[in-house]
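Engineer: Structure file structure_13.cif (mmCIF, C-alpha atoms) right here:
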```cif
data_my_file
loop_
_atom_site.group_PDB
_atom_site.id
_atom_site.type_symbol
_atom_site.label_atom_id
_atom_site.label_comp_id
_atom_site.auth_asym_id
_atom_site.auth_seq_id
_atom_site.Cartn_x
_atom_site.Cartn_y
_atom_site.Cartn_z
ATOM 1 C CA MET A 84 32.506 74.682 22.324
ATOM 2 C CA GLU A 85 31.127 76.729 25.210
ATOM 3 C CA ALA A 86 32.099 73.946 27.644
ATOM 4 C CA PHE A 87 35.661 73.870 26.239
ATOM 5 C CA LEU A 88 36.082 77.656 26.572
ATOM 6 C CA HIS A 89 34.579 77.580 30.060
ATOM 7 C CA GLY A 90 37.062 74.879 31.079
ATOM 8 C CA MET A 91 40.005 76.829 29.658
ATOM 9 C CA ILE A 92 39.099 80.081 31.441
ATOM 10 C CA LEU A 93 38.330 78.318 34.730
ATOM 11 C CA ALA A 94 41.544 76.265 34.724
ATOM 12 C CA PHE A 95 43.655 79.302 33.852
ATOM 13 C CA GLY A 96 42.056 81.294 36.686
ATOM 14 C CA LEU A 97 42.797 78.497 39.166
ATOM 15 C CA ILE A 98 46.386 77.808 38.084
ATOM 16 C CA LEU A 99 47.542 81.420 37.589
ATOM 17 C CA PRO A 100 47.971 82.518 41.252
ATOM 18 C CA LEU A 101 51.450 82.044 42.732
ATOM 19 C CA GLY A 102 51.528 78.753 44.598
ATOM 20 C CA VAL A 103 54.109 76.294 45.868
ATOM 21 C CA GLN A 104 53.588 74.064 42.813
ATOM 22 C CA ASN A 105 54.146 76.941 40.360
ATOM 23 C CA VAL A 106 57.190 78.221 42.266
ATOM 24 C CA PHE A 107 58.766 74.765 42.292
ATOM 25 C CA VAL A 108 58.249 74.063 38.560
ATOM 26 C CA PHE A 109 59.515 77.544 37.631
ATOM 27 C CA SER A 110 62.602 77.102 39.827
ATOM 28 C CA GLN A 111 63.451 73.833 38.074
ATOM 29 C CA GLY A 112 63.404 75.567 34.700
ATOM 30 C CA ALA A 113 65.758 78.182 36.143
ATOM 31 C CA THR A 114 68.170 75.917 38.022
ATOM 32 C CA GLN A 115 68.559 72.907 35.733
ATOM 33 C CA PRO A 116 71.543 73.115 33.350
ATOM 34 C CA HIS A 117 69.338 72.215 30.353
ATOM 35 C CA LEU A 118 65.629 72.744 29.654
ATOM 36 C CA VAL A 119 65.044 69.008 29.139
ATOM 37 C CA ARG A 120 66.405 68.276 32.641
ATOM 38 C CA ALA A 121 63.500 70.272 34.157
ATOM 39 C CA LEU A 122 60.825 68.222 32.348
ATOM 40 C CA PRO A 123 60.361 65.613 35.147
ATOM 41 C CA ALA A 124 59.070 68.344 37.485
ATOM 42 C CA GLY A 125 56.704 69.820 34.891
ATOM 43 C CA ILE A 126 55.401 66.472 33.661
ATOM 44 C CA THR A 127 54.841 65.167 37.212
ATOM 45 C CA ALA A 128 52.977 68.340 38.226
ATOM 46 C CA ALA A 129 50.828 68.163 35.069
ATOM 47 C CA ILE A 130 50.000 64.471 35.626
ATOM 48 C CA CYS A 131 49.025 65.194 39.252
ATOM 49 C CA ASP A 132 46.818 68.089 38.154
ATOM 50 C CA THR A 133 45.205 65.863 35.521
ATOM 51 C CA LEU A 134 44.471 63.255 38.198
ATOM 52 C CA LEU A 135 42.966 65.862 40.562
ATOM 53 C CA ILE A 136 40.836 67.321 37.758
ATOM 54 C CA LEU A 137 39.506 63.864 36.817
ATOM 55 C CA LEU A 138 38.752 63.090 40.469
ATOM 56 C CA ALA A 139 37.012 66.435 40.889
ATOM 57 C CA VAL A 140 34.875 66.027 37.762
ATOM 58 C CA PHE A 141 33.837 62.487 38.636
ATOM 59 C CA GLY A 142 33.353 63.299 42.323
ATOM 60 C CA LEU A 143 35.499 60.578 43.878
ATOM 61 C CA SER A 144 37.666 62.937 45.922
ATOM 62 C CA ILE A 145 34.629 64.487 47.637
ATOM 63 C CA ILE A 146 33.981 61.131 49.317
ATOM 64 C CA VAL A 147 37.607 60.863 50.472
ATOM 65 C CA LEU A 148 37.681 64.377 51.967
ATOM 66 C CA GLN A 149 34.597 63.707 54.117
ATOM 67 C CA PHE A 150 36.862 61.920 56.600
ATOM 68 C CA GLU A 151 38.336 64.429 59.063
ATOM 69 C CA TRP A 152 41.202 62.139 60.127
ATOM 70 C CA LEU A 153 42.266 61.840 56.477
ATOM 71 C CA ARG A 154 42.224 65.625 56.029
ATOM 72 C CA ILE A 155 44.417 66.139 59.133
ATOM 73 C CA THR A 156 46.807 63.354 58.077
ATOM 74 C CA LEU A 157 47.084 64.849 54.578
ATOM 75 C CA MET A 158 47.792 68.313 55.978
ATOM 76 C CA SER A 159 50.360 67.036 58.510
ATOM 77 C CA VAL A 160 52.330 65.107 55.893
ATOM 78 C CA GLY A 161 52.080 68.089 53.536
ATOM 79 C CA ILE A 162 53.527 70.437 56.176
ATOM 80 C CA LEU A 163 56.515 68.142 56.802
ATOM 81 C CA PHE A 164 57.232 67.864 53.076
ATOM 82 C CA LEU A 165 57.020 71.630 52.609
ATOM 83 C CA LEU A 166 59.402 72.282 55.505
ATOM 84 C CA TYR A 167 61.919 69.825 54.044
ATOM 85 C CA MET A 168 61.516 71.183 50.521
ATOM 86 C CA GLY A 169 62.000 74.785 51.710
ATOM 87 C CA TYR A 170 65.202 73.717 53.478
ATOM 88 C CA THR A 171 66.499 71.968 50.323
ATOM 89 C CA ILE A 172 65.741 74.939 48.046
ATOM 90 C CA TRP A 173 67.260 77.406 50.533
ATOM 91 C CA ARG A 174 70.538 75.461 50.524
ATOM 92 C CA SER A 175 70.637 74.810 46.766
ATOM 93 C CA ASN A 176 72.913 76.808 44.482
ATOM 94 C CA PRO A 177 71.866 77.881 40.986
ATOM 95 C CA ALA A 178 73.313 75.692 38.233
ATOM 96 C CA THR A 179 75.892 77.551 36.152
ATOM 97 C CA ALA A 180 78.486 76.388 33.674
ATOM 98 C CA THR A 181 80.802 75.351 36.514
ATOM 99 C CA ASN A 182 78.187 74.364 39.068
ATOM 100 C CA ASN A 183 75.782 71.483 38.594
ATOM 101 C CA GLU A 184 73.906 71.168 41.885
ATOM 102 C CA ALA A 185 70.401 71.149 40.409
ATOM 103 C CA LEU A 186 67.909 68.616 41.768
ATOM 104 C CA PRO A 187 68.232 65.109 40.286
ATOM 105 C CA VAL A 188 65.261 63.493 38.500
ATOM 106 C CA LYS A 189 64.072 61.420 41.497
ATOM 107 C CA LYS A 190 64.028 64.432 43.817
ATOM 108 C CA GLN A 191 62.242 66.540 41.210
ATOM 109 C CA ILE A 192 59.497 63.918 40.876
ATOM 110 C CA PHE A 193 59.301 63.436 44.654
ATOM 111 C CA PHE A 194 58.957 67.174 45.340
ATOM 112 C CA ALA A 195 56.524 67.717 42.451
ATOM 113 C CA LEU A 196 54.331 64.912 43.812
ATOM 114 C CA SER A 197 54.416 66.367 47.324
ATOM 115 C CA VAL A 198 53.516 69.950 46.320
ATOM 116 C CA SER A 199 50.780 68.682 43.994
ATOM 117 C CA LEU A 200 49.098 65.950 46.034
ATOM 118 C CA LEU A 201 49.878 66.996 49.617
ATOM 119 C CA ASN A 202 48.396 70.484 49.388
ATOM 120 C CA PRO A 203 44.859 70.264 50.823
ATOM 121 C CA HIS A 204 43.979 73.780 49.676
ATOM 122 C CA ALA A 205 44.861 72.957 46.073
ATOM 123 C CA ILE A 206 42.767 69.780 46.281
ATOM 124 C CA LEU A 207 39.793 71.618 47.790
ATOM 125 C CA ASP A 208 40.068 74.401 45.190
ATOM 126 C CA THR A 209 40.043 71.850 42.387
ATOM 127 C CA ILE A 210 37.020 70.047 43.833
ATOM 128 C CA GLY A 211 35.164 73.193 44.824
ATOM 129 C CA VAL A 212 35.625 75.077 41.559
ATOM 130 C CA ILE A 213 36.247 72.560 38.764
ATOM 131 C CA GLY A 214 34.191 69.765 40.335
ATOM 132 C CA THR A 215 31.103 71.891 40.937
ATOM 133 C CA SER A 216 31.402 73.653 37.556
ATOM 134 C CA ALA A 217 31.527 70.281 35.805
ATOM 135 C CA LEU A 218 28.067 69.467 37.213
ATOM 136 C CA LYS A 219 26.669 71.908 34.659
ATOM 137 C CA TYR A 220 27.673 69.578 31.816
ATOM 138 C CA SER A 221 27.085 65.978 30.819
ATOM 139 C CA GLY A 222 28.229 63.606 28.085
ATOM 140 C CA THR A 223 30.393 65.169 25.361
ATOM 141 C CA GLU A 224 30.232 68.635 26.920
ATOM 142 C CA GLN A 225 31.630 67.310 30.199
ATOM 143 C CA ILE A 226 34.470 65.590 28.320
ATOM 144 C CA LEU A 227 35.271 68.836 26.465
ATOM 145 C CA PHE A 228 35.206 70.804 29.731
ATOM 146 C CA THR A 229 37.560 68.305 31.402
ATOM 147 C CA ALA A 230 39.888 68.182 28.362
ATOM 148 C CA ALA A 231 40.178 71.993 28.355
ATOM 149 C CA CYS A 232 41.128 72.056 32.069
ATOM 150 C CA VAL A 233 43.762 69.361 31.510
ATOM 151 C CA LEU A 234 45.169 71.081 28.388
ATOM 152 C CA ILE A 235 45.633 74.408 30.184
ATOM 153 C CA SER A 236 47.388 72.637 33.066
ATOM 154 C CA TRP A 237 49.942 70.960 30.763
ATOM 155 C CA LEU A 238 50.579 74.121 28.727
ATOM 156 C CA TRP A 239 51.008 76.171 31.904
ATOM 157 C CA PHE A 240 53.637 73.917 33.483
ATOM 158 C CA PHE A 241 55.669 73.693 30.287
ATOM 159 C CA GLY A 242 55.397 77.490 30.028
ATOM 160 C CA LEU A 243 56.760 77.854 33.572
ATOM 161 C CA ILE A 244 59.787 75.692 32.714
ATOM 162 C CA ILE A 245 60.522 77.832 29.641
ATOM 163 C CA ALA A 246 60.081 81.047 31.690
ATOM 164 C CA GLY A 247 62.498 79.732 34.319
ATOM 165 C CA ALA A 248 65.066 78.786 31.673
ATOM 166 C CA SER A 249 64.731 82.269 30.130
ATOM 167 C CA LEU A 250 65.474 83.870 33.497
ATOM 168 C CA LYS A 251 68.606 81.741 33.816
ATOM 169 C CA ARG A 252 69.874 82.989 30.431
ATOM 170 C CA LEU A 253 69.410 86.583 31.593
ATOM 171 C CA ASP A 254 71.189 85.801 34.860
ATOM 172 C CA SER A 255 74.413 84.020 33.873
ATOM 173 C CA SER A 256 76.078 84.811 37.218
ATOM 174 C CA GLY A 257 73.358 83.002 39.179
ATOM 175 C CA LYS A 258 72.955 85.886 41.688
ATOM 176 C CA LEU A 259 69.354 86.640 40.727
ATOM 177 C CA MET A 260 68.472 82.965 40.836
ATOM 178 C CA ASN A 261 70.041 82.646 44.270
ATOM 179 C CA ILE A 262 67.746 85.432 45.526
ATOM 180 C CA PHE A 263 64.785 83.692 43.861
ATOM 181 C CA ASN A 264 65.700 80.423 45.637
ATOM 182 C CA LYS A 265 65.761 82.164 49.022
ATOM 183 C CA CYS A 266 62.413 83.874 48.343
ATOM 184 C CA SER A 267 60.944 80.560 47.163
ATOM 185 C CA ALA A 268 62.082 78.794 50.337
ATOM 186 C CA ILE A 269 60.535 81.538 52.520
ATOM 187 C CA PHE A 270 57.295 81.321 50.513
ATOM 188 C CA ILE A 271 57.203 77.516 50.923
ATOM 189 C CA TRP A 272 57.822 77.781 54.704
ATOM 190 C CA ALA A 273 55.069 80.420 54.949
ATOM 191 C CA THR A 274 52.700 78.029 53.153
ATOM 192 C CA ALA A 275 53.615 75.288 55.643
ATOM 193 C CA LEU A 276 52.796 77.655 58.548
ATOM 194 C CA TYR A 277 49.492 78.579 56.879
ATOM 195 C CA LEU A 278 48.587 74.885 56.561
ATOM 196 C CA PHE A 279 49.578 74.322 60.199
ATOM 197 C CA SER A 280 47.209 77.103 61.301
ATOM 198 C CA GLY A 281 44.432 75.218 59.476
ATOM 199 C CA ILE A 282 44.940 72.181 61.720
ATOM 200 C CA LEU A 283 44.728 74.196 64.974
#
```
The structure given in the file should be rewritten as structure tokens.

Structural biologist:
Amino acid sequence: MEAFLHGMILAFGLILPLGVQNVFVFSQGATQPHLVRALPAGITAAICDTLLILLAVFGLSIIVLQFEWLRITLMSVGILFLLYMGYTIWRSNPATATNNEALPVKKQIFFALSVSLLNPHAILDTIGVIGTSALKYSGTEQILFTAACVLISWLWFFGLIIAGASLKRLDSSGKLMNIFNKCSAIFIWATALYLFSGIL
């Protein structure tokens, strides 16, 4: 039980800070015309997090990240995706009763994949914190620790979708959401610049 609680607290601490992934999933809850339409973004982000957690616990990703050329390639592709995503969100209009310009399912999945798997800092955080913490456990305890991390991830992303949808109900005109979109785009571009500085 200690391993399960440890996993829950650790995962919550890692996922709580504002990041590109969180901003994107929240924005889908707020811009999609119906809550169900935002699920592809949340489910994709949760699946990606589950994959990263499993890789971190079992140590496979540490081997991959030893190659410098792979790290630079990953960061370069991530920067390009973030620049494009920021541009798309900046130009998007909040979905209202008469306006249905929310991201389609394929774009949601594509963007969720890019912000989840093409963010080197998120990958390194997962490996550095969850991966090293998992070394403390073995057998059943390690499974419980991993399950707790995965559970928190899924609950968090579904919670973000619901929070975004709640904001939309409070903002029927779409003005507040339009401001949020602009702020989100600026935040995403700033993250791309931060990643670029890591390559230099």

Engineer: What do you get, as number ranges by chain, if you spell out every residue that the PyMOL selection byres ((chain A and resi 164) around 9) selects here?

Structural biologist: A: 159-163, 165-169, 194, 197-198, 201, 275

Engineer: Evaluate the PyMOL selection byres ((chain A and resi 94) around 8) and record the selected residues as JSON, numbers by chain, following the chain and residue labels used in the document.

Structural biologist: {"A": [90, 91, 92, 93, 95, 96, 97, 98, 213, 231, 232, 233, 235, 236]}

Engineer: Output the residue selection produced by the PyMOL selection byres ((chain A and resi 106) around 10) on the file above, formatted as a list in words.

Structural biologist: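 This file gives the following for the PyMOL selection byres ((chain A and resi 106) around 10): Leu101, Gly102, Val103, Gln104, Asn105, Phe107, Val108, Phe109, Ser110, Gln111, Val198, Leu243, Gly247, Phe263, Asn264, Cys266, Ser267, Ala268, Phe270 and Ile271 of chain A.
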
Engineer: Of the residues A:Ala195, A:Trp152, A:Asp132, A:Ala248, which is the one nearest to Val119 (chain A), using only C-alpha atoms?

Structural biologist: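 Nearest to Val119 (chain A): A:Ala248.
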
Engineer: Expressed in Å to a single decimal, how great is the separation between CA of Gly125 (chain A) and CA of Phe241 (chain A)?

Structural biologist: 6.1 Å

Engineer: Hey, could you pull the box centre and edge lengths for region 108-124 of chain A, axis-aligned, 4 Å padding per side, all listed atoms, to one decimal in Å, as JSON?

Structural biologist:
```
{"center_x": 64.9, "center_y": 71.9, "center_z": 34.5, "size_x": 21.3, "size_y": 20.6, "size_z": 18.7}
```

Engineer: For CA of Ser216 (chain A) and CA of Phe87 (chain A), quote the distance in Å rounded to one decimal.

Structural biologist: 12.1 Å
